[in-house]
>>> print(open('data-v4.pdb').read())   # PDB, C-alpha atoms and all ligand atoms
ATOM      1  CA  MET A   1      -0.229  11.693   4.844
ATOM      2  CA  LYS A   2      -0.349  11.994   8.604
ATOM      3  CA  ALA A   3      -2.622  11.236  11.542
ATOM      4  CA  THR A   4      -2.518  11.294  15.335
ATOM      5  CA  ALA A   5      -4.337   8.877  17.635
ATOM      6  CA  LEU A   6      -4.806   8.454  21.361
ATOM      7  CA  ALA A   7      -5.405   5.171  23.174
ATOM      8  CA  HIS A   8      -5.656   4.103  26.790
ATOM      9  CA  PRO A   9      -3.830   1.196  28.383
ATOM     10  CA  ASN A  10      -6.071  -1.549  29.753
ATOM     11  CA  ILE A  11      -5.996  -3.770  32.794
ATOM     12  CA  ALA A  12      -6.718  -7.437  32.141
ATOM     13  CA  LEU A  13      -9.538  -8.836  34.284
ATOM     14  CA  ILE A  14      -9.296 -12.317  32.749
ATOM     15  CA  LYS A  15      -5.707 -12.725  31.616
ATOM     16  CA  TYR A  16      -4.128 -13.471  28.247
ATOM     17  CA  TRP A  17      -1.187 -15.781  28.924
ATOM     18  CA  GLY A  18       0.057 -18.101  26.188
ATOM     19  CA  ASN A  19      -0.426 -18.201  22.431
ATOM     20  CA  ARG A  20      -1.753 -20.744  19.963
ATOM     21  CA  ASP A  21       0.294 -18.872  17.330
ATOM     22  CA  HIS A  22       3.129 -16.737  18.682
ATOM     23  CA  ASP A  23       3.882 -14.852  15.465
ATOM     24  CA  LEU A  24       0.281 -13.821  14.877
ATOM     25  CA  ARG A  25      -0.437 -13.490  18.600
ATOM     26  CA  ILE A  26      -3.509 -15.733  18.539
ATOM     27  CA  PRO A  27      -4.038 -16.516  22.232
ATOM     28  CA  VAL A  28      -4.855 -19.868  23.805
ATOM     29  CA  ASN A  29      -7.718 -18.357  25.798
ATOM     30  CA  GLY A  30     -10.098 -15.432  25.595
ATOM     31  CA  SER A  31      -9.681 -12.480  27.949
ATOM     32  CA  PHE A  32     -11.408  -9.423  29.423
ATOM     33  CA  SER A  33     -10.188  -5.948  30.290
ATOM     34  CA  MET A  34     -11.207  -2.422  31.070
ATOM     35  CA  ASN A  35      -9.586   0.663  29.589
ATOM     36  CA  LEU A  36      -7.880   3.087  31.945
ATOM     37  CA  GLU A  37      -9.129   6.655  31.584
ATOM     38  CA  GLY A  38      -6.650   9.442  32.304
ATOM     39  CA  LEU A  39      -3.698   7.312  31.225
ATOM     40  CA  SER A  40      -2.906   7.364  27.518
ATOM     41  CA  ALA A  41      -0.467   7.014  24.653
ATOM     42  CA  LYS A  42      -0.566   9.600  21.881
ATOM     43  CA  THR A  43       0.990   8.538  18.588
ATOM     44  CA  LYS A  44       1.587  10.548  15.430
ATOM     45  CA  VAL A  45       2.386   8.840  12.128
ATOM     46  CA  LEU A  46       3.647  10.629   9.021
ATOM     47  CA  PHE A  47       4.226   8.797   5.730
ATOM     48  CA  SER A  48       6.422  10.873   3.442
ATOM     49  CA  GLU A  49       8.450  10.629   0.240
ATOM     50  CA  THR A  50      11.231  12.575   1.951
ATOM     51  CA  LEU A  51      11.968   9.742   4.423
ATOM     52  CA  SER A  52      14.568   7.069   3.635
ATOM     53  CA  GLU A  53      13.670   4.700   6.496
ATOM     54  CA  ASP A  54      11.111   4.214   9.275
ATOM     55  CA  SER A  55      11.908   6.010  12.522
ATOM     56  CA  LEU A  56      10.455   5.884  16.029
ATOM     57  CA  ILE A  57      10.646   8.464  18.783
ATOM     58  CA  LEU A  58       9.184   7.248  22.075
ATOM     59  CA  ASN A  59       8.912   9.727  24.946
ATOM     60  CA  GLU A  60      11.409  12.004  23.186
ATOM     61  CA  GLU A  61      13.959   9.222  22.772
ATOM     62  CA  GLU A  62      14.964   7.767  19.399
ATOM     63  CA  ILE A  63      14.392   3.986  19.376
ATOM     64  CA  SER A  64      16.219   1.543  17.099
ATOM     65  CA  GLY A  65      16.666  -2.241  17.089
ATOM     66  CA  ALA A  66      13.905  -4.615  18.161
ATOM     67  CA  GLY A  67      11.512  -1.825  19.239
ATOM     68  CA  LEU A  68      11.654  -0.233  15.803
ATOM     69  CA  VAL A  69      11.363  -3.585  13.993
ATOM     70  CA  ARG A  70       8.150  -4.319  15.896
ATOM     71  CA  VAL A  71       6.695  -0.958  14.799
ATOM     72  CA  SER A  72       7.895  -1.387  11.199
ATOM     73  CA  GLN A  73       6.049  -4.714  11.000
ATOM     74  CA  ILE A  74       2.772  -2.893  11.675
ATOM     75  CA  LEU A  75       3.713  -0.167   9.177
ATOM     76  CA  ASP A  76       4.500  -2.867   6.572
ATOM     77  CA  GLU A  77       1.077  -4.360   7.040
ATOM     78  CA  VAL A  78      -0.546  -0.951   6.604
ATOM     79  CA  ARG A  79       1.612  -0.153   3.548
ATOM     80  CA  LYS A  80       0.624  -3.454   1.960
ATOM     81  CA  SER A  81      -3.119  -2.905   2.507
ATOM     82  CA  ALA A  82      -2.955   0.703   1.293
ATOM     83  CA  GLY A  83      -0.671  -0.083  -1.662
ATOM     84  CA  ILE A  84       1.930   2.527  -0.696
ATOM     85  CA  LEU A  85       5.723   2.284  -0.496
ATOM     86  CA  LEU A  86       6.485   5.280   1.729
ATOM     87  CA  TYR A  87       8.517   5.194   4.934
ATOM     88  CA  ALA A  88       7.067   6.637   8.117
ATOM     89  CA  GLU A  89       8.063   8.748  11.064
ATOM     90  CA  VAL A  90       6.350   7.646  14.299
ATOM     91  CA  VAL A  91       6.342   9.878  17.367
ATOM     92  CA  SER A  92       4.723   8.493  20.506
ATOM     93  CA  GLU A  93       4.308   9.735  24.051
ATOM     94  CA  ASN A  94       2.824   8.160  27.178
ATOM     95  CA  ASN A  95       1.440  10.321  29.952
ATOM     96  CA  PHE A  96       2.143   7.576  32.514
ATOM     97  CA  PRO A  97       5.537   6.467  33.841
ATOM     98  CA  THR A  98       7.163   3.384  32.350
ATOM     99  CA  GLY A  99       7.765   0.665  34.915
ATOM    100  CA  ALA A 100       4.606   1.640  36.796
ATOM    101  CA  GLY A 101       2.977  -1.727  36.233
ATOM    102  CA  ILE A 102       0.882  -0.502  33.352
ATOM    103  CA  ALA A 103       1.644  -2.148  30.035
ATOM    104  CA  SER A 104       2.574   0.685  27.708
ATOM    105  CA  SER A 105       2.611  -1.624  24.670
ATOM    106  CA  ALA A 106      -1.179  -1.997  24.699
ATOM    107  CA  ALA A 107      -1.825   1.754  24.470
ATOM    108  CA  ALA A 108       1.105   2.313  22.101
ATOM    109  CA  PHE A 109       0.211  -0.356  19.541
ATOM    110  CA  SER A 110      -3.497   0.468  19.501
ATOM    111  CA  ALA A 111      -2.714   4.168  18.944
ATOM    112  CA  LEU A 112      -0.188   3.142  16.262
ATOM    113  CA  ALA A 113      -2.703   0.896  14.453
ATOM    114  CA  LEU A 114      -5.278   3.692  14.336
ATOM    115  CA  ALA A 115      -2.885   6.517  13.405
ATOM    116  CA  ALA A 116      -0.940   4.526  10.783
ATOM    117  CA  SER A 117      -4.015   3.148   9.037
ATOM    118  CA  LYS A 118      -5.660   6.583   8.933
ATOM    119  CA  ALA A 119      -2.450   8.291   7.728
ATOM    120  CA  ALA A 120      -2.238   5.732   4.896
ATOM    121  CA  GLY A 121      -5.804   6.520   3.849
ATOM    122  CA  LEU A 122      -7.369   3.284   5.107
ATOM    123  CA  GLU A 123     -10.782   3.362   6.793
ATOM    124  CA  LEU A 124     -10.658   0.227   8.937
ATOM    125  CA  GLU A 125     -13.642  -1.034  10.906
ATOM    126  CA  GLU A 126     -13.117  -1.717  14.622
ATOM    127  CA  PRO A 127     -12.447  -5.493  14.286
ATOM    128  CA  SER A 128      -9.787  -4.916  11.606
ATOM    129  CA  LEU A 129      -8.124  -2.242  13.724
ATOM    130  CA  SER A 130      -8.191  -4.556  16.719
ATOM    131  CA  ILE A 131      -6.521  -7.339  14.658
ATOM    132  CA  LEU A 132      -3.854  -4.928  13.393
ATOM    133  CA  ALA A 133      -3.105  -3.740  16.952
ATOM    134  CA  ARG A 134      -2.998  -7.385  18.131
ATOM    135  CA  HIS A 135      -0.161  -8.119  15.704
ATOM    136  CA  GLY A 136       1.945  -5.509  17.542
ATOM    137  CA  SER A 137       1.036  -6.567  21.074
ATOM    138  CA  GLY A 138      -1.711  -9.026  21.972
ATOM    139  CA  SER A 139      -3.274  -6.947  24.729
ATOM    140  CA  ALA A 140      -3.313  -3.904  22.398
ATOM    141  CA  CYS A 141      -6.310  -5.345  20.564
ATOM    142  CA  ARG A 142      -8.328  -4.694  23.744
ATOM    143  CA  SER A 143      -7.436  -0.976  23.801
ATOM    144  CA  ILE A 144      -9.217  -0.314  20.483
ATOM    145  CA  PRO A 145     -12.859  -0.756  21.680
ATOM    146  CA  SER A 146     -14.457   1.262  24.479
ATOM    147  CA  GLY A 147     -14.963   0.557  28.178
ATOM    148  CA  PHE A 148     -15.305  -3.076  29.238
ATOM    149  CA  VAL A 149     -13.820  -5.271  26.538
ATOM    150  CA  GLU A 150     -13.823  -8.952  25.614
ATOM    151  CA  TRP A 151     -11.199 -10.539  23.323
ATOM    152  CA  THR A 152     -12.359 -13.881  21.965
ATOM    153  CA  ASN A 153      -9.344 -16.072  21.313
ATOM    154  CA  GLY A 154     -10.622 -17.266  17.931
ATOM    155  CA  LYS A 155      -8.924 -19.897  15.837
ATOM    156  CA  THR A 156      -7.634 -17.853  12.931
ATOM    157  CA  ASP A 157      -6.029 -14.474  12.441
ATOM    158  CA  GLN A 158      -9.305 -12.967  11.290
ATOM    159  CA  ASP A 159     -11.557 -14.111  14.133
ATOM    160  CA  SER A 160      -9.304 -13.125  17.045
ATOM    161  CA  TYR A 161     -10.260  -9.573  17.961
ATOM    162  CA  ALA A 162     -11.741  -7.540  20.796
ATOM    163  CA  PHE A 163     -15.110  -5.817  21.173
ATOM    164  CA  SER A 164     -16.871  -3.758  23.808
ATOM    165  CA  ILE A 165     -19.414  -5.489  26.043
ATOM    166  CA  ALA A 166     -20.305  -2.297  27.951
ATOM    167  CA  PRO A 167     -19.403   1.413  27.701
ATOM    168  CA  PRO A 168     -17.311   3.132  30.423
ATOM    169  CA  GLU A 169     -20.390   4.663  32.084
ATOM    170  CA  HIS A 170     -21.908   1.195  32.579
ATOM    171  CA  TRP A 171     -20.119   0.806  35.905
ATOM    172  CA  ASP A 172     -18.220   3.465  37.872
ATOM    173  CA  LEU A 173     -15.110   1.498  38.774
ATOM    174  CA  ALA A 174     -11.592   2.684  39.472
ATOM    175  CA  ASP A 175      -8.148   1.103  39.342
ATOM    176  CA  CYS A 176      -5.642   2.163  42.026
ATOM    177  CA  VAL A 177      -2.218   0.909  40.956
ATOM    178  CA  ALA A 178       0.060   0.289  43.922
ATOM    179  CA  VAL A 179       3.608   0.649  42.601
ATOM    180  CA  THR A 180       5.939  -1.576  44.648
ATOM    181  CA  SER A 181       8.886  -1.412  42.254
ATOM    182  CA  SER A 182       9.522   0.748  39.221
ATOM    183  CA  GLY A 183      12.488  -1.289  37.974
ATOM    184  CA  HIS A 184      12.334  -3.063  34.622
ATOM    185  CA  LYS A 185      11.249  -6.685  34.657
ATOM    186  CA  HIS A 186      13.727  -9.343  33.540
ATOM    187  CA  ILE A 187      11.363 -11.353  31.399
ATOM    188  CA  GLY A 188       8.660  -9.497  29.525
ATOM    189  CA  SER A 189       5.285 -10.760  28.352
ATOM    190  CA  THR A 190       6.396 -11.738  24.852
ATOM    191  CA  GLN A 191       8.865 -14.276  26.260
ATOM    192  CA  GLY A 192       6.443 -15.172  29.043
ATOM    193  CA  HIS A 193       3.764 -16.269  26.564
ATOM    194  CA  ARG A 194       6.237 -18.797  25.158
ATOM    195  CA  LEU A 195       7.069 -20.136  28.628
ATOM    196  CA  ALA A 196       3.428 -20.624  29.634
ATOM    197  CA  GLU A 197       3.164 -23.981  27.907
ATOM    198  CA  THR A 198       6.095 -25.342  29.961
ATOM    199  CA  SER A 199       3.977 -25.206  33.126
ATOM    200  CA  PRO A 200       1.909 -28.337  33.869
ATOM    201  CA  LEU A 201      -0.763 -25.984  35.268
ATOM    202  CA  GLN A 202      -1.321 -24.095  32.004
ATOM    203  CA  LYS A 203      -3.546 -26.836  30.527
ATOM    204  CA  ALA A 204      -5.931 -26.676  33.488
ATOM    205  CA  ARG A 205      -5.926 -22.851  33.456
ATOM    206  CA  VAL A 206      -6.774 -22.760  29.737
ATOM    207  CA  GLU A 207      -9.412 -25.509  29.927
ATOM    208  CA  ASP A 208     -11.247 -23.650  32.679
ATOM    209  CA  ALA A 209     -10.998 -20.252  30.942
ATOM    210  CA  PRO A 210     -14.419 -20.339  29.164
ATOM    211  CA  ARG A 211     -16.095 -20.842  32.558
ATOM    212  CA  ARG A 212     -14.251 -17.901  34.130
ATOM    213  CA  ILE A 213     -15.015 -15.757  31.103
ATOM    214  CA  ASP A 214     -18.757 -16.485  31.342
ATOM    215  CA  ILE A 215     -18.746 -15.654  35.060
ATOM    216  CA  CYS A 216     -16.770 -12.452  34.490
ATOM    217  CA  ARG A 217     -18.993 -11.278  31.608
ATOM    218  CA  LYS A 218     -22.166 -11.827  33.648
ATOM    219  CA  ALA A 219     -20.677 -10.138  36.727
ATOM    220  CA  ILE A 220     -19.801  -7.056  34.660
ATOM    221  CA  LEU A 221     -23.195  -6.907  32.953
ATOM    222  CA  ASP A 222     -25.012  -7.391  36.316
ATOM    223  CA  ARG A 223     -22.608  -5.031  38.150
ATOM    224  CA  ASP A 224     -22.159  -7.850  40.659
ATOM    225  CA  PHE A 225     -19.038  -6.701  42.526
ATOM    226  CA  GLU A 226     -18.722  -9.725  44.801
ATOM    227  CA  THR A 227     -18.672 -12.286  41.980
ATOM    228  CA  PHE A 228     -16.482  -9.986  39.886
ATOM    229  CA  ALA A 229     -13.944  -9.685  42.718
ATOM    230  CA  PHE A 230     -13.884 -13.446  43.257
ATOM    231  CA  ILE A 231     -13.348 -14.405  39.615
ATOM    232  CA  VAL A 232     -10.835 -11.679  38.719
ATOM    233  CA  GLU A 233      -8.622 -12.429  41.730
ATOM    234  CA  LYS A 234      -8.862 -16.157  41.021
ATOM    235  CA  ASP A 235      -7.866 -15.632  37.398
ATOM    236  CA  SER A 236      -4.871 -13.494  38.369
ATOM    237  CA  ASP A 237      -3.743 -16.070  40.946
ATOM    238  CA  LEU A 238      -4.092 -18.829  38.343
ATOM    239  CA  MET A 239      -1.916 -16.960  35.847
ATOM    240  CA  HIS A 240       0.751 -16.353  38.479
ATOM    241  CA  ALA A 241       0.636 -20.040  39.472
ATOM    242  CA  VAL A 242       1.426 -20.856  35.837
ATOM    243  CA  MET A 243       4.202 -18.260  35.770
ATOM    244  CA  MET A 244       5.778 -19.598  38.965
ATOM    245  CA  THR A 245       5.710 -23.187  37.695
ATOM    246  CA  SER A 246       6.984 -22.538  34.171
ATOM    247  CA  ASN A 247      10.491 -23.381  33.098
ATOM    248  CA  PRO A 248      12.371 -21.152  33.825
ATOM    249  CA  ALA A 249      10.069 -20.031  36.617
ATOM    250  CA  LEU A 250       8.759 -16.476  36.605
ATOM    251  CA  PHE A 251       8.307 -14.918  40.030
ATOM    252  CA  TYR A 252       7.106 -11.375  39.530
ATOM    253  CA  TRP A 253       6.053 -10.629  43.127
ATOM    254  CA  ASN A 254       8.115  -8.984  45.844
ATOM    255  CA  PRO A 255       7.306  -8.837  49.601
ATOM    256  CA  ALA A 256       5.344  -5.590  49.172
ATOM    257  CA  THR A 257       3.223  -7.215  46.437
ATOM    258  CA  LEU A 258       2.122  -9.883  48.916
ATOM    259  CA  HIS A 259       1.560  -7.299  51.626
ATOM    260  CA  VAL A 260      -0.794  -5.368  49.308
ATOM    261  CA  MET A 261      -2.629  -8.561  48.280
ATOM    262  CA  GLN A 262      -3.208  -9.554  51.904
ATOM    263  CA  SER A 263      -4.271  -6.041  52.901
ATOM    264  CA  VAL A 264      -6.789  -5.930  50.052
ATOM    265  CA  ARG A 265      -8.290  -9.239  51.212
ATOM    266  CA  ASP A 266      -8.498  -7.912  54.790
ATOM    267  CA  TRP A 267     -10.168  -4.655  53.688
ATOM    268  CA  ARG A 268     -12.693  -6.645  51.667
ATOM    269  CA  ALA A 269     -13.461  -8.808  54.707
ATOM    270  CA  GLU A 270     -14.099  -5.550  56.615
ATOM    271  CA  GLY A 271     -16.652  -4.506  53.966
ATOM    272  CA  LEU A 272     -14.651  -2.332  51.565
ATOM    273  CA  PRO A 273     -15.405  -3.189  47.898
ATOM    274  CA  VAL A 274     -11.876  -3.993  46.639
ATOM    275  CA  PHE A 275      -9.964  -6.744  44.897
ATOM    276  CA  TYR A 276      -6.573  -7.112  43.280
ATOM    277  CA  THR A 277      -5.243  -8.220  39.937
ATOM    278  CA  ILE A 278      -1.580  -8.382  38.881
ATOM    279  CA  ASP A 279      -0.012  -8.479  35.410
ATOM    280  CA  ALA A 280       3.553  -9.517  34.538
ATOM    281  CA  GLY A 281       5.210  -7.448  37.265
ATOM    282  CA  PRO A 282       5.248  -6.723  41.006
ATOM    283  CA  ASN A 283       2.751  -3.833  41.033
ATOM    284  CA  VAL A 284      -0.797  -4.450  42.192
ATOM    285  CA  HIS A 285      -3.914  -3.159  40.449
ATOM    286  CA  VAL A 286      -6.549  -2.653  43.112
ATOM    287  CA  ILE A 287     -10.031  -2.316  41.652
ATOM    288  CA  THR A 288     -12.766  -0.564  43.588
ATOM    289  CA  LEU A 289     -15.874   1.578  43.085
ATOM    290  CA  LYS A 290     -15.099   5.096  41.868
ATOM    291  CA  GLU A 291     -16.660   6.576  45.020
ATOM    292  CA  LYS A 292     -14.088   4.664  47.103
ATOM    293  CA  MET A 293     -11.091   5.537  44.904
ATOM    294  CA  ASP A 294      -9.626   8.263  47.145
ATOM    295  CA  GLU A 295     -10.029   6.158  50.271
ATOM    296  CA  VAL A 296      -8.375   3.128  48.654
ATOM    297  CA  GLN A 297      -5.573   5.264  47.225
ATOM    298  CA  ALA A 298      -4.819   6.675  50.708
ATOM    299  CA  LYS A 299      -4.917   3.243  52.344
ATOM    300  CA  LEU A 300      -2.560   1.802  49.722
ATOM    301  CA  ALA A 301      -0.169   4.744  49.954
ATOM    302  CA  ALA A 302       0.139   4.129  53.708
ATOM    303  CA  LEU A 303       1.260   0.499  53.261
ATOM    304  CA  LYS A 304       4.904  -0.387  53.776
ATOM    305  CA  GLY A 305       6.695  -0.919  50.471
ATOM    306  CA  VAL A 306       4.219   1.011  48.320
ATOM    307  CA  GLN A 307       6.164   3.712  46.476
ATOM    308  CA  LYS A 308       3.225   5.495  44.870
ATOM    309  CA  VAL A 309      -0.352   4.927  43.791
ATOM    310  CA  LEU A 310      -1.708   5.855  40.339
ATOM    311  CA  THR A 311      -5.442   6.027  39.764
ATOM    312  CA  ALA A 312      -7.664   5.621  36.722
ATOM    313  CA  THR A 313     -11.362   5.273  35.975
ATOM    314  CA  VAL A 314     -12.901   3.335  33.061
ATOM    315  CA  GLY A 315     -11.802   4.688  29.686
ATOM    316  CA  GLY A 316     -13.202   4.958  26.179
ATOM    317  CA  ALA A 317     -12.068   3.698  22.781
ATOM    318  CA  ALA A 318      -8.908   4.607  20.863
ATOM    319  CA  ARG A 319      -9.610   7.786  18.918
ATOM    320  CA  LEU A 320      -8.165  10.120  16.324
ATOM    321  CA  LEU A 321      -6.959  13.557  17.386
ATOM    322  CA  GLU A 322      -6.544  16.732  15.378
ATOM    323  CA  GLY A 323      -3.058  17.471  14.091
TER
HETATM  324  C1  LIG A 401       0.032 -10.421  31.874
HETATM  325  O1  LIG A 401       0.057  -8.186  25.323
HETATM  326  O2  LIG A 401       2.009  -7.500  26.745
HETATM  327  O3  LIG A 401      -0.589  -8.343  30.879
HETATM  328  O4  LIG A 401       1.603  -9.756  22.843
HETATM  329  O5  LIG A 401       3.902 -10.131  23.647
HETATM  330  O6  LIG A 401       2.957  -7.803  23.626
HETATM  331  P1  LIG A 401       2.684  -9.285  23.778
HETATM  332  O7  LIG A 401       2.165  -9.510  25.255
HETATM  333  P2  LIG A 401       1.213  -8.603  26.128
HETATM  334  O8  LIG A 401       0.768  -9.636  27.250
HETATM  335  C2  LIG A 401      -0.048  -9.229  28.298
HETATM  336  C3  LIG A 401       0.060 -10.174  29.438
HETATM  337  C4  LIG A 401      -0.658  -9.735  30.704
HETATM  338  C5  LIG A 401      -2.109 -10.205  30.722
HETATM  339  C6  LIG A 401      -3.078  -9.450  29.831
HETATM  340  O9  LIG A 401      -2.884  -8.244  29.582
HETATM  341  O10 LIG A 401      -4.082 -10.063  29.459
END
>>> encode(input="data-v4.pdb", output="structure tokens", more="lines below")
Ligand code: DP6
Amino acid sequence: MKATALAHPNIALIKYWGNRDHDLRIPVNGSFSMNLEGLSAKTKVLFSETLSEDSLILNEEEISGAGLVRVSQILDEVRKSAGILLYAEVVSENNFPTGAGIASSAAAFSALALAASKAAGLELEEPSLSILARHGSGSACRSIPSGFVEWTNGKTDQDSYAFSIAPPEHWDLADCVAVTSSGHKHIGSTQGHRLAETSPLQKARVEDAPRRIDICRKAILDRDFETFAFIVEKDSDLMHAVMMTSNPALFYWNPATLHVMQSVRDWRAEGLPVFYTIDAGPNVHVITLKEKMDEVQAKLAALKGVQKVLTATVGGAARLLEG
């Protein structure tokens, strides 16, 4: 009973920040993302009678403690649905560096949801897979469907899942990730979601989310770069305003982060199609048209404080692999 799956990380265009239910990861607002082609997590799951406990090997390193517990919770859910009592061996590898400002949990938990359910003999439809991945990491539910993805917040466990609004070929975009620090962040997203509600700005951010989501969806469907740039930057700034005003305050930016943000705004004013968006860290995702990717990568690499620049185009759905 084994299966291997591959999934891409995704970059949030409208951010998920804060939960209505922390245990089930039901978010307070809907979100949007695009999958990142070329970057991926590959996860193999084997259920076997010969195993006496669950085990996890991540990038050739044996993981125990909280990381393993989080994986076992997904395995438990799969075991329960499939009616099996076997332990599992999980082996996962990312082809992108950790600490590069790309959430590895999204790719890892979506690949895990697909591989584990298949290995256990379950044939889950996309929404069920997305819900299963969401239980491991909220943003992972968006790495199950293809291309440009919407996650409706929903009110219950069963109606909070992600779906594709357009395939990758709908719009030739690219993400150039300017790495300004590869160190580990002090407070990760899971804790951050709990802190969101301590900011007096969170209520306003959440109340306005349906409007931003409608604007973002239309901009993607119309391939309207200008509106897209405006709303995605605004949404990122709003999330960081909440982070900075939560208790304790979360300041993820460093001086190079701000230098990249300002440079991106200047380049846009000069006519280059670019905008930025930033997750829970100091690295800056700079979105542009695919035809401008090399130019933007070179410009970013030349900025003071930028250590390296990773690039990705728009990626497809999580999928099963042979072996
Ligand atoms: C800032 O999905 O990483 O990247 O559910 O605790 O694993 P957990 O959180 P996670 O949160 C992502 C936060 C974000 C914005 C986003 O991806 O929408």
>>> resolve_selection(input="data-v4.pdb", expression="the PyMOL selection byres (((chain A and resi 206) around 10) and not hetatm)", output="PyMOL selection string")
chain A and resi 16-18+28-30+201-205+207-212+238-239
>>> atom_distance(input="data-v4.pdb", atom1="CA of Asp266 (chain A)", atom2="CA of Ile287 (chain A)")
14.4 Å
>>> resolve_selection(input="data-v4.pdb", expression="the PyMOL selection byres (((chain A and resi 37) around 8) and not hetatm)", output="VMD selection string")
chain A and resid 8 35 to 36 38 to 40 312 to 316
>>> residues_near_ligand(input="data-v4.pdb", ligand="ligand LIG 401 (chain A)", cutoff="8 Å", atoms="all atoms listed in the file", output="ChimeraX atom specification")
/A:10-17,25,31-33,103,105-106,134-140,188-193,239,278-280
>>> closest_atom_pairs(input="data-v4.pdb", of="region 159-229 of chain A", to="region 127-130 of chain A", cutoff="12 Å", atoms="only C-alpha atoms", output="CSV")
residue,atom,partner,partner_atom,distance
A:Asp159,CA,A:Pro127,CA,8.7
A:Ser160,CA,A:Ser130,CA,8.6
A:Tyr161,CA,A:Ser130,CA,5.6
A:Ala162,CA,A:Ser130,CA,6.2
A:Phe163,CA,A:Pro127,CA,7.4
A:Ser164,CA,A:Pro127,CA,10.6
>>> write_last_selection(input="data-v4.pdb", atoms="C-alpha atoms", output="PDB file, in the coordinates of the input")
ATOM      1  CA  ASP A 159     -11.557 -14.111  14.133  1.00  0.00           C
ATOM      2  CA  SER A 160      -9.304 -13.125  17.045  1.00  0.00           C
ATOM      3  CA  TYR A 161     -10.260  -9.573  17.961  1.00  0.00           C
ATOM      4  CA  ALA A 162     -11.741  -7.540  20.796  1.00  0.00           C
ATOM      5  CA  PHE A 163     -15.110  -5.817  21.173  1.00  0.00           C
ATOM      6  CA  SER A 164     -16.871  -3.758  23.808  1.00  0.00           C
TER       7      SER A 164
END
>>> axis_aligned_box(input="data-v4.pdb", around="region 136-144 of chain A", padding_each_side="6 Å", output="AutoDock Vina command-line options")
--center_x -3.6 --center_y -4.7 --center_z 21.1 --size_x 23.2 --size_y 20.7 --size_z 19.2
>>> residues_around(input="data-v4.pdb", residues="Met293 (chain A)", least_positions_apart="6", cutoff="12 Å", atoms="all atoms listed in the file", output="ChimeraX atom specification")
/A:172-177,272-274,286-287,299-300,309-313
>>> write_last_selection(input="data-v4.pdb", atoms="C-alpha atoms", output="PDB file, in the frame of the given file")
ATOM      1  CA  ASP A 172     -18.220   3.465  37.872  1.00  0.00           C
ATOM      2  CA  LEU A 173     -15.110   1.498  38.774  1.00  0.00           C
ATOM      3  CA  ALA A 174     -11.592   2.684  39.472  1.00  0.00           C
ATOM      4  CA  ASP A 175      -8.148   1.103  39.342  1.00  0.00           C
ATOM      5  CA  CYS A 176      -5.642   2.163  42.026  1.00  0.00           C
ATOM      6  CA  VAL A 177      -2.218   0.909  40.956  1.00  0.00           C
ATOM      7  CA  LEU A 272     -14.651  -2.332  51.565  1.00  0.00           C
ATOM      8  CA  PRO A 273     -15.405  -3.189  47.898  1.00  0.00           C
ATOM      9  CA  VAL A 274     -11.876  -3.993  46.639  1.00  0.00           C
ATOM     10  CA  VAL A 286      -6.549  -2.653  43.112  1.00  0.00           C
ATOM     11  CA  ILE A 287     -10.031  -2.316  41.652  1.00  0.00           C
ATOM     12  CA  LYS A 299      -4.917   3.243  52.344  1.00  0.00           C
ATOM     13  CA  LEU A 300      -2.560   1.802  49.722  1.00  0.00           C
ATOM     14  CA  VAL A 309      -0.352   4.927  43.791  1.00  0.00           C
ATOM     15  CA  LEU A 310      -1.708   5.855  40.339  1.00  0.00           C
ATOM     16  CA  THR A 311      -5.442   6.027  39.764  1.00  0.00           C
ATOM     17  CA  ALA A 312      -7.664   5.621  36.722  1.00  0.00           C
ATOM     18  CA  THR A 313     -11.362   5.273  35.975  1.00  0.00           C
TER      19      THR A 313
END
>>> resolve_selection(input="data-v4.pdb", expression="the PyMOL selection byres (((chain A and resi 251) around 12) and not hetatm)", output="ChimeraX atom specification")
/A:185-188,192,239-250,252-255,257-258,278-282
>>> residues_around(input="data-v4.pdb", residues="Lys42 (chain A)", least_positions_apart="3", cutoff="10 Å", atoms="all atoms listed in the file", output="ChimeraX atom specification")
/A:4-8,59,91-95,107-108,110-112,115,318-321
>>> closest_residue(input="data-v4.pdb", among="A:His285, A:Arg79, A:Arg268, A:Lys218", to="Val179 (chain A)", atoms="only C-alpha atoms")
A:His285
>>> residues_around(input="data-v4.pdb", residues="Val232 (chain A)", least_positions_apart="2", cutoff="8 Å", atoms="only C-alpha atoms", output="VMD selection string")
chain A and resid 13 to 14 216 228 to 230 234 to 236 275 to 277
>>> atom_distance(input="data-v4.pdb", atom1="CA of Ala298 (chain A)", atom2="CA of Ala41 (chain A)")
26.4 Å
>>> atom_distance(input="data-v4.pdb", atom1="CA of Ile215 (chain A)", atom2="CA of Thr198 (chain A)")
27.1 Å
